[in-house]
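Coordinates as given in structure27.tsv (TSV, C-alpha atoms and all ligand atoms):
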```
chain	number	residue	atom	x	y	z
A	1	MET	CA	0.00	0.00	0.00
A	2	LYS	CA	1.10	3.60	-0.54
A	3	ILE	CA	-0.37	7.05	0.13
A	4	ILE	CA	-1.18	8.88	-3.12
A	5	GLY	CA	-3.00	11.98	-1.81
A	6	THR	CA	-3.73	13.98	1.33
A	7	GLY	CA	-6.29	16.60	2.37
A	8	SER	CA	-7.58	18.31	5.49
A	9	ALA	CA	-10.23	20.79	6.61
A	10	MET	CA	-10.46	22.72	9.84
A	11	PRO	CA	-13.35	24.70	11.41
A	12	SER	CA	-13.10	28.47	10.91
A	13	LEU	CA	-13.54	29.38	14.60
A	14	ALA	CA	-10.23	29.58	16.51
A	15	VAL	CA	-10.63	29.56	20.31
A	16	THR	CA	-7.53	30.87	22.05
A	17	ASN	CA	-6.35	30.14	25.58
A	18	GLU	CA	-7.12	33.77	26.43
A	19	MET	CA	-10.73	33.28	25.33
A	20	LEU	CA	-11.02	30.18	27.53
A	21	SER	CA	-9.55	31.99	30.51
A	22	GLU	CA	-12.50	34.40	30.33
A	23	ILE	CA	-14.98	31.59	31.02
A	24	LEU	CA	-12.83	29.17	33.06
A	25	ASP	CA	-10.42	29.35	35.99
A	26	THR	CA	-7.41	28.81	33.72
A	27	SER	CA	-4.69	30.80	31.96
A	28	ASP	CA	-2.67	30.86	28.77
A	29	GLU	CA	0.42	30.24	30.90
A	30	TRP	CA	-1.01	27.04	32.49
A	31	ILE	CA	-2.31	25.58	29.23
A	32	THR	CA	0.84	26.45	27.25
A	33	THR	CA	3.34	25.08	29.77
A	34	ARG	CA	1.35	21.90	30.57
A	35	THR	CA	0.19	21.03	27.05
A	36	GLY	CA	1.82	23.21	24.35
A	37	ILE	CA	-1.65	24.27	23.11
A	38	LYS	CA	-2.22	27.96	22.29
A	39	GLN	CA	-5.55	27.64	20.46
A	40	ARG	CA	-7.91	25.07	19.01
A	41	ARG	CA	-10.52	25.10	16.23
A	42	ILE	CA	-14.13	24.46	17.29
A	43	LEU	CA	-17.09	23.64	15.04
A	44	SER	CA	-19.72	26.36	15.32
A	45	GLU	CA	-21.28	27.34	11.99
A	46	ASP	CA	-19.57	24.56	10.03
A	47	THR	CA	-20.62	20.91	10.44
A	48	LEU	CA	-18.50	17.81	10.92
A	49	THR	CA	-19.94	16.33	7.72
A	50	ALA	CA	-18.94	19.44	5.75
A	51	LEU	CA	-15.39	19.20	7.12
A	52	ALA	CA	-15.21	15.50	6.25
A	53	VAL	CA	-16.46	16.24	2.71
A	54	SER	CA	-13.88	19.03	2.17
A	55	ALA	CA	-10.99	16.95	3.55
A	56	SER	CA	-12.01	13.98	1.33
A	57	GLN	CA	-12.40	16.11	-1.80
A	58	ARG	CA	-8.99	17.71	-1.20
A	59	ALA	CA	-7.39	14.27	-0.77
A	60	LEU	CA	-9.03	13.02	-3.98
A	61	GLU	CA	-7.83	16.10	-5.85
A	62	SER	CA	-4.32	15.65	-4.48
A	63	ALA	CA	-4.38	12.00	-5.65
A	64	GLY	CA	-5.72	12.95	-9.08
A	65	LEU	CA	-8.82	10.78	-8.60
A	66	ILE	CA	-12.58	11.31	-8.53
A	67	ALA	CA	-14.99	9.86	-5.97
A	68	GLN	CA	-16.19	7.21	-8.44
A	69	ASP	CA	-12.63	5.79	-8.49
A	70	LEU	CA	-12.92	4.79	-4.82
A	71	ASP	CA	-13.46	1.11	-3.96
A	72	TYR	CA	-13.89	1.59	-0.20
A	73	ILE	CA	-14.22	4.31	2.45
A	74	VAL	CA	-12.95	3.79	6.00
A	75	CYS	CA	-13.97	6.65	8.30
A	76	SER	CA	-12.46	7.02	11.75
A	77	ASN	CA	-14.91	8.86	14.00
A	78	VAL	CA	-15.90	8.88	17.67
A	79	VAL	CA	-19.01	11.12	17.73
A	80	ASN	CA	-21.23	12.72	15.12
A	81	ASN	CA	-24.90	13.69	14.78
A	82	PHE	CA	-26.12	10.18	14.04
A	83	VAL	CA	-25.74	6.91	15.92
A	84	THR	CA	-26.80	5.33	12.63
A	85	PRO	CA	-26.30	5.65	9.69
A	86	SER	CA	-22.55	5.97	9.98
A	87	LEU	CA	-20.72	9.16	9.06
A	88	SER	CA	-19.02	7.25	6.23
A	89	CYS	CA	-22.43	6.49	4.65
A	90	ILE	CA	-23.39	10.16	4.76
A	91	LEU	CA	-19.99	11.17	3.38
A	92	GLN	CA	-20.16	8.55	0.59
A	93	GLY	CA	-23.34	10.21	-0.77
A	94	GLU	CA	-22.09	13.78	-0.30
A	95	ILE	CA	-18.91	13.21	-2.30
A	96	GLY	CA	-20.68	11.10	-4.95
A	97	ALA	CA	-18.82	7.83	-4.37
A	98	GLY	CA	-20.45	4.49	-5.17
A	99	CYS	CA	-18.37	2.16	-3.00
A	100	PRO	CA	-19.02	0.47	0.37
A	101	SER	CA	-18.16	2.43	3.50
A	102	ILE	CA	-17.62	1.76	7.19
A	103	ASP	CA	-16.99	3.77	10.33
A	104	LEU	CA	-14.35	2.73	12.79
A	105	ASN	CA	-13.98	3.85	16.39
A	106	ALA	CA	-10.50	3.25	17.79
A	107	ALA	CA	-10.49	6.71	19.43
A	108	CYS	CA	-7.31	8.69	18.80
A	109	THR	CA	-5.60	5.63	17.26
A	110	GLY	CA	-8.26	5.48	14.53
A	111	PHE	CA	-6.00	6.65	11.70
A	112	ILE	CA	-3.51	3.81	12.20
A	113	TYR	CA	-6.31	1.26	12.68
A	114	ALA	CA	-7.99	2.51	9.48
A	115	LEU	CA	-4.71	2.29	7.52
A	116	ASP	CA	-4.19	-1.23	8.81
A	117	ILE	CA	-7.66	-2.26	7.59
A	118	ALA	CA	-7.13	-0.51	4.25
A	119	GLU	CA	-3.88	-2.40	3.78
A	120	SER	CA	-5.69	-5.73	4.20
A	121	PHE	CA	-8.19	-4.79	1.47
A	122	ILE	CA	-5.41	-3.69	-0.86
A	123	LYS	CA	-3.16	-6.70	-0.16
A	124	THR	CA	-5.99	-9.13	-0.86
A	125	GLY	CA	-6.87	-7.29	-4.07
A	126	ARG	CA	-10.40	-6.44	-2.87
A	127	ALA	CA	-9.82	-2.73	-3.42
A	128	GLU	CA	-7.49	-0.54	-5.45
A	129	ASN	CA	-8.21	2.96	-4.14
A	130	ILE	CA	-9.38	3.59	-0.58
A	131	LEU	CA	-10.35	6.82	1.15
A	132	VAL	CA	-9.18	6.81	4.77
A	133	ILE	CA	-10.84	9.77	6.47
A	134	CYS	CA	-10.65	10.88	10.10
A	135	ALA	CA	-13.37	13.33	11.15
A	136	GLU	CA	-13.57	14.25	14.80
A	137	GLN	CA	-15.53	16.61	17.02
A	138	PRO	CA	-14.26	16.05	20.58
A	139	SER	CA	-15.64	19.48	21.52
A	140	ARG	CA	-19.04	17.71	21.80
A	141	MET	CA	-17.72	15.22	24.33
A	142	VAL	CA	-16.21	17.53	26.92
A	143	ASN	CA	-17.92	19.52	29.63
A	144	TRP	CA	-17.01	23.13	28.85
A	145	LYS	CA	-17.05	23.94	32.59
A	146	GLU	CA	-14.40	21.26	33.28
A	147	ARG	CA	-10.97	22.88	32.87
A	148	ASN	CA	-9.10	19.55	33.27
A	149	THR	CA	-10.33	18.29	29.91
A	150	CYS	CA	-12.00	20.92	27.74
A	151	VAL	CA	-8.84	22.97	27.14
A	152	LEU	CA	-7.11	19.98	25.54
A	153	PHE	CA	-9.31	19.24	22.54
A	154	GLY	CA	-10.18	20.68	19.14
A	155	ASP	CA	-12.19	19.62	16.07
A	156	GLY	CA	-10.90	18.78	12.59
A	157	ALA	CA	-10.85	16.36	9.67
A	158	ALA	CA	-8.16	14.94	7.41
A	159	ALA	CA	-7.94	12.23	4.79
A	160	VAL	CA	-5.52	10.20	2.73
A	161	ILE	CA	-6.09	8.15	-0.41
A	162	VAL	CA	-4.21	4.85	-0.39
A	163	SER	CA	-3.55	2.60	-3.33
A	164	LYS	CA	-1.48	-0.42	-4.35
A	165	GLY	CA	2.24	-0.18	-3.57
A	166	ASP	CA	4.90	-1.28	-1.13
A	167	ALA	CA	5.48	1.91	0.87
A	168	PHE	CA	4.19	0.57	4.20
A	169	LYS	CA	6.98	-1.39	5.87
A	170	GLY	CA	5.44	-2.45	9.18
A	171	PHE	CA	2.35	-2.05	11.38
A	172	HIS	CA	1.79	-2.72	15.06
A	173	ILE	CA	-1.60	-2.16	16.68
A	174	THR	CA	-2.71	-3.06	20.20
A	175	THR	CA	-5.75	-2.96	22.48
A	176	GLN	CA	-5.61	-3.25	26.26
A	177	SER	CA	-9.14	-3.20	27.61
A	178	LYS	CA	-8.78	-0.41	30.19
A	179	ILE	CA	-11.78	1.86	30.53
A	180	GLU	CA	-10.99	3.90	33.65
A	181	PRO	CA	-8.24	6.26	32.38
A	182	LEU	CA	-10.38	7.74	29.59
A	183	TYR	CA	-14.03	7.26	28.67
A	184	TYR	CA	-17.25	8.90	27.54
A	185	GLN	CA	-20.39	7.05	28.52
A	186	ARG	CA	-23.93	7.35	27.20
A	187	LYS	CA	-26.56	7.73	29.90
A	188	LEU	CA	-28.36	4.43	30.27
A	189	GLU	CA	-31.87	5.77	30.94
A	190	PHE	CA	-33.79	6.51	27.78
A	191	ASN	CA	-35.55	9.87	27.92
A	192	PRO	CA	-37.43	10.74	24.72
A	193	TYR	CA	-37.51	14.43	25.71
A	194	VAL	CA	-33.73	14.77	25.97
A	195	SER	CA	-31.64	14.45	22.85
A	196	GLN	CA	-28.99	11.76	23.17
A	197	ALA	CA	-26.23	14.32	22.86
A	198	ASP	CA	-27.66	16.45	25.69
A	199	GLY	CA	-28.13	13.35	27.81
A	200	ASP	CA	-24.57	12.14	27.33
A	201	ALA	CA	-22.16	12.23	30.23
A	202	PRO	CA	-18.99	14.23	29.58
A	203	LEU	CA	-15.56	12.80	28.87
A	204	ILE	CA	-13.82	11.47	31.98
A	205	MET	CA	-10.03	11.41	32.00
A	206	ASN	CA	-7.28	10.64	34.44
A	207	GLY	CA	-4.65	12.85	32.81
A	208	LYS	CA	-1.65	11.46	34.66
A	209	ASP	CA	-2.51	7.82	33.85
A	210	VAL	CA	-3.16	8.65	30.21
A	211	PHE	CA	0.14	10.54	30.06
A	212	LYS	CA	2.13	7.54	31.33
A	213	LEU	CA	0.29	5.02	29.14
A	214	ALA	CA	0.78	7.29	26.12
A	215	VAL	CA	4.54	7.64	26.53
A	216	SER	CA	5.25	4.00	27.35
A	217	SER	CA	3.02	2.62	24.56
A	218	SER	CA	4.32	5.02	21.93
A	219	VAL	CA	7.95	4.21	22.79
A	220	SER	CA	7.32	0.47	22.67
A	221	ASP	CA	5.20	0.62	19.46
A	222	ILE	CA	7.88	2.68	17.70
A	223	ARG	CA	10.57	0.17	18.74
A	224	ASN	CA	8.37	-2.64	17.47
A	225	VAL	CA	7.73	-1.16	14.01
A	226	LEU	CA	11.36	-0.07	13.54
A	227	GLU	CA	12.41	-3.64	14.25
A	228	LYS	CA	9.71	-5.10	11.97
A	229	SER	CA	10.73	-2.84	9.11
A	230	LYS	CA	14.46	-3.37	9.74
A	231	THR	CA	15.07	0.37	10.15
A	232	THR	CA	16.56	2.44	12.95
A	233	ALA	CA	15.38	5.72	14.42
A	234	ASP	CA	18.30	7.42	12.65
A	235	ASP	CA	16.82	6.38	9.26
A	236	ILE	CA	13.52	8.15	9.97
A	237	LYS	CA	12.94	11.64	8.57
A	238	TYR	CA	9.89	12.47	10.70
A	239	PHE	CA	8.05	10.88	13.61
A	240	LEU	CA	4.41	11.98	13.36
A	241	LEU	CA	2.96	11.43	16.82
A	242	HIS	CA	-0.64	11.84	17.91
A	243	GLN	CA	-0.90	15.49	18.97
A	244	ALA	CA	-2.22	15.13	22.53
A	245	ASN	CA	0.35	17.01	24.60
A	246	ILE	CA	3.71	18.52	23.61
A	247	ARG	CA	5.25	17.00	26.76
A	248	ILE	CA	4.21	13.51	25.61
A	249	ILE	CA	5.87	14.20	22.23
A	250	GLU	CA	9.03	15.47	23.98
A	251	SER	CA	9.17	12.44	26.28
A	252	VAL	CA	8.93	10.03	23.33
A	253	ARG	CA	11.55	12.09	21.49
A	254	ASP	CA	13.92	11.75	24.47
A	255	PHE	CA	13.46	7.96	24.56
A	256	THR	CA	14.26	7.67	20.85
A	257	LYS	CA	17.31	9.97	21.29
A	258	GLN	CA	16.44	11.85	18.11
A	259	PRO	CA	16.58	15.61	17.47
A	260	ASP	CA	13.61	17.87	18.00
A	261	GLU	CA	13.23	18.69	14.29
A	262	LYS	CA	12.28	15.06	13.59
A	263	PHE	CA	9.10	15.52	15.70
A	264	PRO	CA	6.96	18.05	13.83
A	265	HIS	CA	3.91	19.33	15.70
A	266	ASN	CA	0.90	21.58	15.24
A	267	ILE	CA	-0.75	21.01	18.62
A	268	GLU	CA	-0.19	24.71	19.38
A	269	LYS	CA	-2.72	25.59	16.62
A	270	TYR	CA	-5.26	22.77	16.86
A	271	GLY	CA	-5.09	21.01	20.25
A	272	ASN	CA	-5.92	17.30	20.34
A	273	THR	CA	-8.12	16.49	17.32
A	274	SER	CA	-8.30	12.77	18.19
A	275	SER	CA	-7.66	10.45	15.22
A	276	ALA	CA	-7.48	13.41	12.81
A	277	SER	CA	-4.30	14.78	14.38
A	278	ILE	CA	-1.71	12.71	12.46
A	279	PRO	CA	-3.32	13.09	8.99
A	280	ILE	CA	-3.78	16.85	9.58
A	281	LEU	CA	-0.06	17.12	10.37
A	282	LEU	CA	0.82	14.90	7.40
A	283	ASP	CA	-1.23	17.08	5.05
A	284	GLU	CA	0.47	20.22	6.39
A	285	LEU	CA	3.93	18.75	5.81
A	286	HIS	CA	2.95	17.54	2.34
A	287	LYS	CA	1.46	20.89	1.28
A	288	ALA	CA	4.49	22.75	2.70
A	289	ASN	CA	6.78	20.55	0.51
A	290	LYS	CA	8.56	19.21	3.56
A	291	LEU	CA	8.27	15.58	2.42
A	292	GLU	CA	10.51	14.14	-0.28
A	293	LYS	CA	10.18	10.90	-2.21
A	294	GLY	CA	12.02	8.19	-0.31
A	295	ASP	CA	11.66	9.80	3.15
A	296	LEU	CA	10.86	7.28	5.86
A	297	LEU	CA	8.09	8.30	8.28
A	298	VAL	CA	6.76	6.84	11.52
A	299	PHE	CA	3.16	7.38	12.68
A	300	SER	CA	2.39	6.62	16.34
A	301	ALA	CA	-0.90	7.12	18.19
A	302	PHE	CA	-2.72	6.11	21.38
A	303	GLY	CA	-6.21	6.66	22.67
A	304	ALA	CA	-9.19	5.56	24.72
A	305	GLY	CA	-9.60	1.81	24.93
A	306	PHE	CA	-6.68	1.76	25.58
A	307	THR	CA	-5.72	1.47	21.90
A	308	THR	CA	-2.31	2.12	20.40
A	309	GLY	CA	-0.71	1.80	17.01
A	310	ALA	CA	2.32	2.68	14.92
A	311	CYS	CA	3.61	2.12	11.42
A	312	VAL	CA	6.63	2.85	9.25
A	313	LEU	CA	6.18	4.01	5.68
A	314	GLU	CA	8.11	5.46	2.81
A	315	TRP	CA	6.86	8.69	1.28
A	316	THR	CA	6.27	8.07	-2.44
A	317	ILE	CA	4.56	11.21	-3.79
A	401	LIG	N1	-6.05	25.46	34.08
A	401	LIG	C1	-5.52	25.67	35.28
A	401	LIG	N2	-5.32	24.70	36.17
A	401	LIG	C2	-5.67	23.45	35.81
A	401	LIG	C3	-6.22	23.16	34.56
A	401	LIG	C4	-6.43	24.23	33.68
A	401	LIG	N3	-6.97	24.07	32.43
A	401	LIG	N4	-6.47	21.83	34.49
A	401	LIG	C5	-6.06	21.29	35.65
A	401	LIG	N5	-5.58	22.27	36.45
A	401	LIG	C6	-5.04	22.16	37.79
A	401	LIG	C7	-5.49	20.91	38.48
A	401	LIG	O1	-6.76	21.13	39.06
A	401	LIG	C8	-4.40	20.73	39.53
A	401	LIG	O2	-4.68	21.60	40.60
A	401	LIG	P1	-4.36	21.13	42.11
A	401	LIG	O3	-2.88	20.87	42.13
A	401	LIG	O4	-4.79	22.32	42.90
A	401	LIG	O5	-5.18	19.90	42.30
A	401	LIG	C9	-3.16	21.26	38.83
A	401	LIG	O6	-3.64	22.04	37.71
A	401	LIG	C10	-2.23	20.20	38.31
A	401	LIG	O7	-2.94	19.23	37.66
A	401	LIG	P2	-2.21	17.96	37.16
A	401	LIG	O8	-3.22	16.93	36.79
A	401	LIG	O9	-1.14	17.59	38.11
A	401	LIG	O10	-1.49	18.49	35.84
A	401	LIG	P3	-0.59	17.67	34.84
A	401	LIG	O11	0.77	18.23	34.85
A	401	LIG	O12	-0.73	16.17	34.98
A	401	LIG	O13	-1.25	18.07	33.44
A	401	LIG	C11	-2.70	17.23	31.76
A	401	LIG	C12	-2.60	17.71	33.18
A	401	LIG	C13	-2.34	18.36	30.81
A	401	LIG	C14	-4.15	16.81	31.50
A	401	LIG	C15	-1.73	16.04	31.55
A	401	LIG	O14	-1.88	15.10	32.58
A	401	LIG	C16	-1.95	15.35	30.21
A	401	LIG	O15	-1.76	15.93	29.17
A	401	LIG	N6	-2.31	14.08	30.26
A	401	LIG	C17	-2.55	13.35	29.02
A	401	LIG	C18	-3.88	13.77	28.51
A	401	LIG	C19	-4.12	13.27	27.14
A	401	LIG	O16	-3.20	13.13	26.36
A	401	LIG	N7	-5.39	13.00	26.86
A	401	LIG	C20	-5.84	12.53	25.65
A	401	LIG	C21	-4.99	11.39	25.11
A	401	LIG	S1	-5.83	10.12	24.42
A	401	LIG	C22	-6.74	10.81	23.33
A	401	LIG	O17	-6.26	11.66	22.64
A	401	LIG	C23	-8.17	10.45	23.27
```

Go ahead and express the file in the form of structure tokens.
Ligand code: ACO
Amino acid sequence: MKIIGTGSAMPSLAVTNEMLSEILDTSDEWITTRTGIKQRRILSEDTLTALAVSASQRALESAGLIAQDLDYIVCSNVVNNFVTPSLSCILQGEIGAGCPSIDLNAACTGFIYALDIAESFIKTGRAENILVICAEQPSRMVNWKERNTCVLFGDGAAAVIVSKGDAFKGFHITTQSKIEPLYYQRKLEFNPYVSQADGDAPLIMNGKDVFKLAVSSSVSDIRNVLEKSKTTADDIKYFLLHQANIRIIESVRDFTKQPDEKFPHNIEKYGNTSSASIPILLDELHKANKLEKGDLLVFSAFGAGFTTGACVLEWTI
């Protein structure tokens, strides 16, 4: 499998730390030093579907394909307006594709899980061109009065088109069933007068536990995929890590003993956009001409579940 196109779309509303400190007992100084985040984009007038459509169309354009060329759509998403049908079904119609589509929820690891599934379809010859799209709206899951969590997240969407090739050198994905550190639970009682979204309980997170799990899993997943692909950290041009906290990225960087410039980040602009964070960063690097043919990249992510995943790939565009 290889990546042949990338695209992303972000909400127009930027919410800065200063804006949050007007409604919460927080400060730009606290958020910046603890997380690296300066602002995040939040869906207000735009919709998640519209973002997903724009990101997908941009990825198709970048790949030189049209929606009818797609053989499958894999959409990584945690929450959207509908429980059913899936966001991928809605997206399939909006972009004018005619192929099957599924949603996948592996939380912030969704991009790597989706790529892993796409690779199986491509390897077995069941599909030639697949749209892998991550569209996330974590701003719906947090309680905006809860400073421990709401300052961390932002909304966004990004996509890649994958096709036949041998650019992906190794995958490693894991699940440890561990609910307590991070979850978002639907209320069990059914109340027809309360919309499901209003009735949902907000995201619960034990930040310190998630931090430790994130660093240890990312370090071990990266080691695993480097070994599988017979490469060393020195051979890698960029490590694209899930953008959850700049201190998590710095800790993983220290373990790999690699220079700072190999760990690009945009968390300062977008916060944690769940599974969309790696493809948003990838699209930015691609559009800024920072990726050259033959560059080796590592993707590494972790999220609620607890799910983790990493892969090594060669850039071929
Ligand atoms: N503004 C000001 N003070 C705050 C804020 C805030 N926004 N949030 C928490 N605090 C306070 C706490 O109440 C606490 O106060 P206390 O000492 O009086 O009790 C103090 O700051 C320190 O809190 P800690 O929890 O010790 O802060 P920590 O250094 O652990 O940073 C953080 C918290 C940023 C959440 C960190 O633990 C973290 O990033 N964890 C990982 C989170 C993460 O990555 N989540 C998502 C990953 S998975 C996925 O993406 C789905």

So which residues touch Asn148 of chain A within 10 Å, counting only C-alpha atoms, skipping near sequence neighbours fewer than 5 positions away, as JSON, numbers by chain?
-> {"A": [26, 31, 142, 143, 204, 205, 206, 207]}

Generate the output file for the selected residues, C-alpha atoms, as a PDB file, keeping the file's coordinate frame.
```pdb
ATOM      1  CA  THR A  26      -7.410  28.810  33.720  1.00  0.00           C
ATOM      2  CA  ILE A  31      -2.310  25.580  29.230  1.00  0.00           C
ATOM      3  CA  VAL A 142     -16.210  17.530  26.920  1.00  0.00           C
ATOM      4  CA  ASN A 143     -17.920  19.520  29.630  1.00  0.00           C
ATOM      5  CA  ILE A 204     -13.820  11.470  31.980  1.00  0.00           C
ATOM      6  CA  MET A 205     -10.030  11.410  32.000  1.00  0.00           C
ATOM      7  CA  ASN A 206      -7.280  10.640  34.440  1.00  0.00           C
ATOM      8  CA  GLY A 207      -4.650  12.850  32.810  1.00  0.00           C
TER       9      GLY A 207
END
```

How many Å lie between atom CA of Leu203 of chain A and atom C7 of ligand LIG 401 (chain A), rounded to one decimal?
->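 So the answer is 16.1 Å.
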
Nearest to Ile179 of chain A, chosen from A:Thr256, A:Thr307, A:Thr16, A:Thr32, with only C-alpha atoms counted in the distances = A:Thr307

Would you kindly return, as a PDB file with C-alpha atoms, in the coordinates of the input, each protein, DNA or RNA residue with an atom no farther than 6 Å from any atom of segment 84-96 of chain A, considering only C-alpha atoms and excluding same-chain residues fewer than 6 positions away?
```
ATOM      1  CA  ALA A  67     -14.990   9.860  -5.970  1.00  0.00           C
ATOM      2  CA  CYS A  75     -13.970   6.650   8.300  1.00  0.00           C
ATOM      3  CA  ILE A 102     -17.620   1.760   7.190  1.00  0.00           C
ATOM      4  CA  ASP A 103     -16.990   3.770  10.330  1.00  0.00           C
TER       5      ASP A 103
END
```

With only C-alpha atoms as the counted atoms, please give the residues lying no more than 12 Å from Tyr183 of chain A, apart from itself and same-chain residues fewer than 5 positions off, as a PDB file with C-alpha atoms, keeping the file's coordinate frame.
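Everything below was put into out.pdb:
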```pdb
ATOM      1  CA  VAL A  78     -15.900   8.880  17.670  1.00  0.00           C
ATOM      2  CA  ALA A 107     -10.490   6.710  19.430  1.00  0.00           C
ATOM      3  CA  PRO A 138     -14.260  16.050  20.580  1.00  0.00           C
ATOM      4  CA  MET A 141     -17.720  15.220  24.330  1.00  0.00           C
ATOM      5  CA  VAL A 142     -16.210  17.530  26.920  1.00  0.00           C
ATOM      6  CA  THR A 149     -10.330  18.290  29.910  1.00  0.00           C
ATOM      7  CA  SER A 177      -9.140  -3.200  27.610  1.00  0.00           C
ATOM      8  CA  LYS A 178      -8.780  -0.410  30.190  1.00  0.00           C
ATOM      9  CA  ASP A 200     -24.570  12.140  27.330  1.00  0.00           C
ATOM     10  CA  ALA A 201     -22.160  12.230  30.230  1.00  0.00           C
ATOM     11  CA  PRO A 202     -18.990  14.230  29.580  1.00  0.00           C
ATOM     12  CA  LEU A 203     -15.560  12.800  28.870  1.00  0.00           C
ATOM     13  CA  ILE A 204     -13.820  11.470  31.980  1.00  0.00           C
ATOM     14  CA  MET A 205     -10.030  11.410  32.000  1.00  0.00           C
ATOM     15  CA  ASN A 206      -7.280  10.640  34.440  1.00  0.00           C
ATOM     16  CA  GLY A 207      -4.650  12.850  32.810  1.00  0.00           C
ATOM     17  CA  VAL A 210      -3.160   8.650  30.210  1.00  0.00           C
ATOM     18  CA  GLY A 303      -6.210   6.660  22.670  1.00  0.00           C
ATOM     19  CA  ALA A 304      -9.190   5.560  24.720  1.00  0.00           C
ATOM     20  CA  GLY A 305      -9.600   1.810  24.930  1.00  0.00           C
ATOM     21  CA  PHE A 306      -6.680   1.760  25.580  1.00  0.00           C
TER      22      PHE A 306
END
```

I'd like the contact shell of Leu313 of chain A - 9 Å cut-off, all atoms listed in the file, skipping same-chain residues fewer than 4 positions apart - returned as an mmCIF file with C-alpha atoms, in the coordinates of the input.
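Output saved as around.cif:
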```
data_model
loop_
_atom_site.group_PDB
_atom_site.id
_atom_site.type_symbol
_atom_site.label_atom_id
_atom_site.label_comp_id
_atom_site.auth_asym_id
_atom_site.auth_seq_id
_atom_site.Cartn_x
_atom_site.Cartn_y
_atom_site.Cartn_z
ATOM 1 C CA LYS A 2 1.100 3.600 -0.540
ATOM 2 C CA ASP A 166 4.900 -1.280 -1.130
ATOM 3 C CA ALA A 167 5.480 1.910 0.870
ATOM 4 C CA PHE A 168 4.190 0.570 4.200
ATOM 5 C CA LYS A 169 6.980 -1.390 5.870
ATOM 6 C CA GLY A 170 5.440 -2.450 9.180
ATOM 7 C CA SER A 229 10.730 -2.840 9.110
ATOM 8 C CA ASP A 295 11.660 9.800 3.150
ATOM 9 C CA LEU A 296 10.860 7.280 5.860
ATOM 10 C CA LEU A 297 8.090 8.300 8.280
ATOM 11 C CA VAL A 298 6.760 6.840 11.520
ATOM 12 C CA PHE A 299 3.160 7.380 12.680
#
```

With only C-alpha atoms as the atoms that count, which of A:Tyr72, A:Phe255, A:Trp315, A:Phe239 lies nearest to Arg126 of chain A?
->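 Looking at the shortest contact to Arg126 of chain A, the residue is A:Tyr72.
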
Which value, in Å to one decimal, gives the distance between atom CA of Ile267 of chain A and atom CA of Ala233 of chain A?
->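 Spanning atom CA of Ile267 of chain A to atom CA of Ala233 of chain A is a straight-line distance of 22.6 Å.
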
Could you name the residues that touch segment 282-287 of chain A at 6 Å or less, counting all atoms listed in the file, but leaving out those on the same chain fewer than 3 positions away, as a PDB file with C-alpha atoms, keeping the file's coordinate frame?
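The result, written out as around_28.pdb:
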```pdb
ATOM      1  CA  THR A   6      -3.730  13.980   1.330  1.00  0.00           C
ATOM      2  CA  GLY A   7      -6.290  16.600   2.370  1.00  0.00           C
ATOM      3  CA  PRO A 279      -3.320  13.090   8.990  1.00  0.00           C
ATOM      4  CA  LYS A 290       8.560  19.210   3.560  1.00  0.00           C
ATOM      5  CA  LEU A 291       8.270  15.580   2.420  1.00  0.00           C
TER       6      LEU A 291
END
```
